[in-house]
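*Asks:* Provided below: start.cif, containing mmCIF, C-alpha atoms.
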data_my_file
loop_
_atom_site.label_atom_id
_atom_site.label_comp_id
_atom_site.auth_asym_id
_atom_site.auth_seq_id
_atom_site.Cartn_x
_atom_site.Cartn_y
_atom_site.Cartn_z
CA MET A 1 25.53 59.47 -10.27
CA ARG A 2 23.39 56.31 -10.15
CA GLY A 3 26.24 54.37 -11.73
CA VAL A 4 28.58 55.38 -8.93
CA PHE A 5 26.23 53.93 -6.32
CA ALA A 6 25.23 50.82 -8.29
CA GLY A 7 28.30 48.84 -7.24
CA PHE A 8 28.15 50.00 -3.63
CA GLY A 9 24.41 49.26 -3.65
CA LYS A 10 25.17 45.54 -3.73
CA SER A 11 26.92 45.59 -0.35
CA LYS A 12 25.43 44.82 3.05
CA ALA A 13 26.85 48.15 4.25
CA PHE A 14 24.71 49.99 1.68
CA ALA A 15 21.64 48.08 2.90
CA ALA A 16 22.36 49.18 6.48
CA ILE A 17 22.85 52.79 5.41
CA GLY A 18 19.73 52.64 3.25
CA ARG A 19 17.62 51.35 6.13
CA ALA A 20 18.95 54.14 8.36
CA LEU A 21 18.14 56.80 5.75
CA MET A 22 14.60 55.54 5.01
CA PRO A 23 12.89 57.78 7.61
CA ALA A 24 14.57 60.89 6.17
CA ASP A 25 13.76 59.74 2.64
CA ARG A 26 10.12 59.22 3.60
CA VAL A 27 9.87 62.73 5.10
CA LEU A 28 11.56 64.42 2.13
CA LEU A 29 9.35 62.59 -0.37
CA ARG A 30 6.21 63.38 1.63
CA ILE A 31 7.04 67.09 1.94
CA SER A 32 7.99 67.41 -1.74
CA GLY A 33 5.08 65.37 -3.10
CA GLY A 34 7.45 62.75 -4.46
CA ARG A 35 9.75 65.24 -6.19
CA PHE A 36 12.79 64.96 -3.96
CA GLY A 37 14.22 62.41 -1.54
CA VAL A 38 17.50 60.83 -0.58
CA GLY A 39 17.30 58.48 -3.56
CA THR A 40 16.49 61.22 -6.05
CA ALA A 41 19.50 63.20 -4.78
CA LEU A 42 21.59 60.17 -5.78
CA GLY A 43 20.01 60.04 -9.22
CA LEU A 44 17.58 57.23 -8.41
CA ARG A 45 13.93 57.10 -9.45
CA THR A 46 12.09 56.99 -6.15
CA LEU A 47 8.41 57.07 -5.31
CA LEU A 48 6.59 57.18 -1.99
CA LEU A 49 4.10 54.32 -1.71
CA THR A 50 1.27 54.67 0.79
CA THR A 51 -0.47 51.43 1.72
CA ILE A 52 -3.02 50.69 4.42
CA GLY A 53 -1.72 48.51 7.25
CA ARG A 54 -3.38 45.10 7.09
CA SER A 55 -3.67 44.90 10.89
CA SER A 56 -3.70 48.52 12.00
CA GLY A 57 -5.80 50.03 9.19
CA GLU A 58 -3.43 53.01 9.35
CA PRO A 59 -1.60 54.53 6.35
CA ARG A 60 1.98 53.28 5.99
CA GLN A 61 4.54 54.95 3.73
CA VAL A 62 7.70 53.56 2.19
CA PRO A 63 10.14 55.04 -0.37
CA LEU A 64 10.84 52.63 -3.24
CA LEU A 65 12.92 52.55 -6.40
CA TYR A 66 10.75 52.09 -9.46
CA VAL A 67 10.78 51.64 -13.20
CA GLU A 68 7.89 52.71 -15.40
CA ARG A 69 6.46 49.81 -17.41
CA ALA A 70 3.09 48.77 -18.80
CA GLY A 71 1.53 52.13 -17.90
CA GLY A 72 2.44 51.82 -14.23
CA TYR A 73 5.30 51.57 -11.77
CA VAL A 74 7.21 48.35 -11.10
CA VAL A 75 8.52 47.99 -7.54
CA ILE A 76 10.41 45.14 -5.91
CA ALA A 77 9.84 43.98 -2.33
CA SER A 78 13.45 42.99 -1.73
CA ASN A 79 13.78 44.22 1.84
CA TRP A 80 17.46 44.71 0.96
CA GLY A 81 17.79 40.93 0.63
CA GLY A 82 16.57 40.42 4.20
CA GLU A 83 15.11 37.33 5.81
CA LYS A 84 11.44 38.38 5.51
CA HIS A 85 9.19 40.08 3.02
CA PRO A 86 8.77 43.78 3.81
CA ALA A 87 5.54 44.71 5.59
CA TRP A 88 4.43 47.02 2.81
CA SER A 89 4.23 44.07 0.41
CA ALA A 90 1.91 42.13 2.71
CA ASN A 91 -0.17 45.29 3.13
CA LEU A 92 -0.42 45.62 -0.66
CA ILE A 93 -1.49 41.99 -1.06
CA ALA A 94 -4.16 42.39 1.65
CA ARG A 95 -5.36 45.78 0.36
CA PRO A 96 -4.20 46.41 -3.22
CA ASP A 97 -5.52 49.99 -3.42
CA ALA A 98 -2.77 52.45 -2.52
CA THR A 99 -1.25 55.75 -3.64
CA ALA A 100 2.11 56.55 -5.19
CA SER A 101 3.64 60.02 -4.87
CA VAL A 102 6.04 60.52 -7.72
CA GLY A 103 7.34 63.57 -9.53
CA GLY A 104 5.03 65.98 -7.70
CA ARG A 105 1.88 63.94 -8.33
CA THR A 106 -0.06 61.59 -6.09
CA VAL A 107 -1.53 58.80 -8.16
CA PRO A 108 -4.13 56.32 -6.90
CA VAL A 109 -2.80 52.87 -7.80
CA ARG A 110 -3.73 49.23 -7.46
CA GLY A 111 -0.86 46.89 -6.67
CA ARG A 112 -0.74 43.64 -8.59
CA LEU A 113 1.64 40.87 -7.54
CA LEU A 114 3.37 39.54 -10.63
CA ASP A 115 4.23 35.94 -11.38
CA SER A 116 5.70 33.74 -14.10
CA ALA A 117 6.97 35.38 -17.27
CA GLU A 118 5.57 38.79 -16.39
CA ARG A 119 7.47 38.76 -13.08
CA THR A 120 10.69 37.77 -14.84
CA GLU A 121 10.29 40.50 -17.46
CA MET A 122 9.63 43.20 -14.87
CA TRP A 123 12.40 41.94 -12.56
CA ASP A 124 14.84 42.20 -15.45
CA ALA A 125 13.69 45.75 -16.20
CA VAL A 126 14.21 46.92 -12.63
CA ALA A 127 17.43 44.94 -12.09
CA SER A 128 18.92 46.46 -15.24
CA TYR A 129 18.20 49.87 -13.71
CA TRP A 130 19.49 48.90 -10.23
CA PRO A 131 21.70 45.77 -10.46
CA ALA A 132 21.84 45.41 -6.68
CA TYR A 133 18.45 43.64 -6.86
CA ASP A 134 20.20 40.58 -8.27
CA ARG A 135 22.48 40.52 -5.23
CA TYR A 136 19.48 40.95 -2.93
CA ALA A 137 17.92 37.89 -4.60
CA VAL A 138 21.03 35.85 -3.76
CA ARG A 139 20.84 36.97 -0.12
CA ALA A 140 17.13 36.14 0.01
CA ALA A 141 17.37 32.85 -1.90
CA HIS A 142 15.13 31.17 0.70
CA ARG A 143 12.13 33.25 -0.49
CA ASP A 144 10.75 34.51 -3.77
CA ILE A 145 11.13 38.27 -3.74
CA ARG A 146 7.79 39.85 -4.59
CA VAL A 147 7.49 42.05 -7.67
CA PHE A 148 4.51 44.38 -8.08
CA LEU A 149 3.06 46.49 -10.83
CA LEU A 150 1.37 49.59 -9.42
CA GLU A 151 -1.32 50.32 -11.97
CA PRO A 152 -3.10 53.71 -11.97
CA ARG A 153 -6.77 53.39 -11.08
#
Translate the structure described by the file into structure tokens.

*Replies:*
Amino acid sequence: MRGVFAGFGKSKAFAAIGRALMPADRVLLRISGGRFGVGTALGLRTLLLTTIGRSSGEPRQVPLLYVERAGGYVVIASNWGGEKHPAWSANLIARPDATASVGGRTVPVRGRLLDSAERTEMWDAVASYWPAYDRYAVRAAHRDIRVFLLEPR
């Protein structure tokens, strides 16, 4: 099923639909402990990342596609190729300790912003899973899209 959506995932229309579905995805992932969400129904690996707001100090949750690598979860802060970095990525830089709910487990993680060769390697791993990330990078060419490794702590 993922293959069916991979081509559509590159479009701006998909980004708009994805943004609209994020609240429902967040609720489904929260209720199911990371077992089921909108993305998982489409055959996508999705986790629910909980960060602490850098200004508010309040928990903030966001559903994200991920790929398992290096003993953790690689996530990309693409913001659908939008103008700005997503808030969750700034939260993770300010306060790297977070939790990831995935597959029925909640795992304490520490987010590490990747750079250089490690960033390229992990980007390639995630983009091979969801090719739309390469299109998002074209849309967001004015900024370097952040790539994180969420390492269990």

*Asks:* Using only C-alpha atoms, determine which residues lie at most 12 Å from Arg95 of chain A, disregarding the query and same-chain residues fewer than 3 positions distant; provide the list as a PyMOL selection string.

*Replies:* chain A and resi 50-55+57-60+88-92+98-99+109-113

*Asks:* For atom CA of Asp97 of chain A and atom CA of Ser128 of chain A, determine how far apart the two atoms are, in Å to one decimal place.

*Replies:*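 About the pair atom CA of Asp97 of chain A and atom CA of Ser128 of chain A: they are 27.4 Å apart.
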
*Asks:* Please build the interface table for segment 55-123 of chain A against segment 20-44 of chain A with a cut-off of 12 Å, listing for each qualifying residue the nearest atom pair and the distance in Å to one decimal; count only C-alpha atoms, order rows by chain and increasing number, and write it as CSV.

*Replies:*
residue,atom,partner,partner_atom,distance
A:Arg60,CA,A:Arg26,CA,10.4
A:Gln61,CA,A:Arg26,CA,7.0
A:Val62,CA,A:Arg26,CA,6.3
A:Pro63,CA,A:Arg26,CA,5.8
A:Leu64,CA,A:Gly39,CA,8.7
A:Leu65,CA,A:Leu44,CA,6.9
A:Tyr66,CA,A:Leu44,CA,8.6
A:Val67,CA,A:Leu44,CA,10.0
A:Asn79,CA,A:Met22,CA,11.8
A:Trp80,CA,A:Met22,CA,11.9
A:Thr99,CA,A:Gly34,CA,11.2
A:Ala100,CA,A:Gly34,CA,8.2
A:Ser101,CA,A:Gly34,CA,4.7
A:Val102,CA,A:Gly34,CA,4.2
A:Gly103,CA,A:Arg35,CA,4.4
A:Gly104,CA,A:Gly33,CA,4.6
A:Arg105,CA,A:Gly33,CA,6.3
A:Thr106,CA,A:Gly33,CA,7.0
A:Val107,CA,A:Gly34,CA,10.5

*Asks:* Please determine the residues with any atom at most 12 Å from (7.6, 41.8, -14.7) (coordinates as given in the file, with all atoms listed in the file counting) and report them as number ranges by chain.

*Replies:* A: 66-70, 72-76, 112-127, 146-150

*Asks:* Carefully work through the PyMOL selection byres ((chain A and resi 152) around 6) for this structure and note down the residues it includes, as a ChimeraX atom specification.

*Replies:* /A:108-109,151,153

*Asks:* Would you put the residues from that selection into a file with C-alpha atoms, as a PDB file, in the frame of the given file?

*Replies:*
ATOM      1  CA  PRO A 108      -4.130  56.320  -6.900  1.00  0.00           C
ATOM      2  CA  VAL A 109      -2.800  52.870  -7.800  1.00  0.00           C
ATOM      3  CA  GLU A 151      -1.320  50.320 -11.970  1.00  0.00           C
ATOM      4  CA  ARG A 153      -6.770  53.390 -11.080  1.00  0.00           C
TER       5      ARG A 153
END

*Asks:* Could you check how far atom CA of Ile93 of chain A sits from atom CA of Tyr129 of chain A, in Å to one decimal?

*Replies:* 24.7 Å

*Asks:* Take atom CA of Lys84 of chain A and atom CA of Arg139 of chain A and report the distance between them in Å, one decimal.

*Replies:*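 For atom CA of Lys84 of chain A relative to atom CA of Arg139 of chain A, the distance reads 11.0 Å.
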
*Asks:* Hey, what comes out of the PyMOL selection byres ((chain A and resi 143) around 12) on this file? Could you write it as a PyMOL selection string?

*Replies:* chain A and resi 77-79+81-86+136-142+144-146
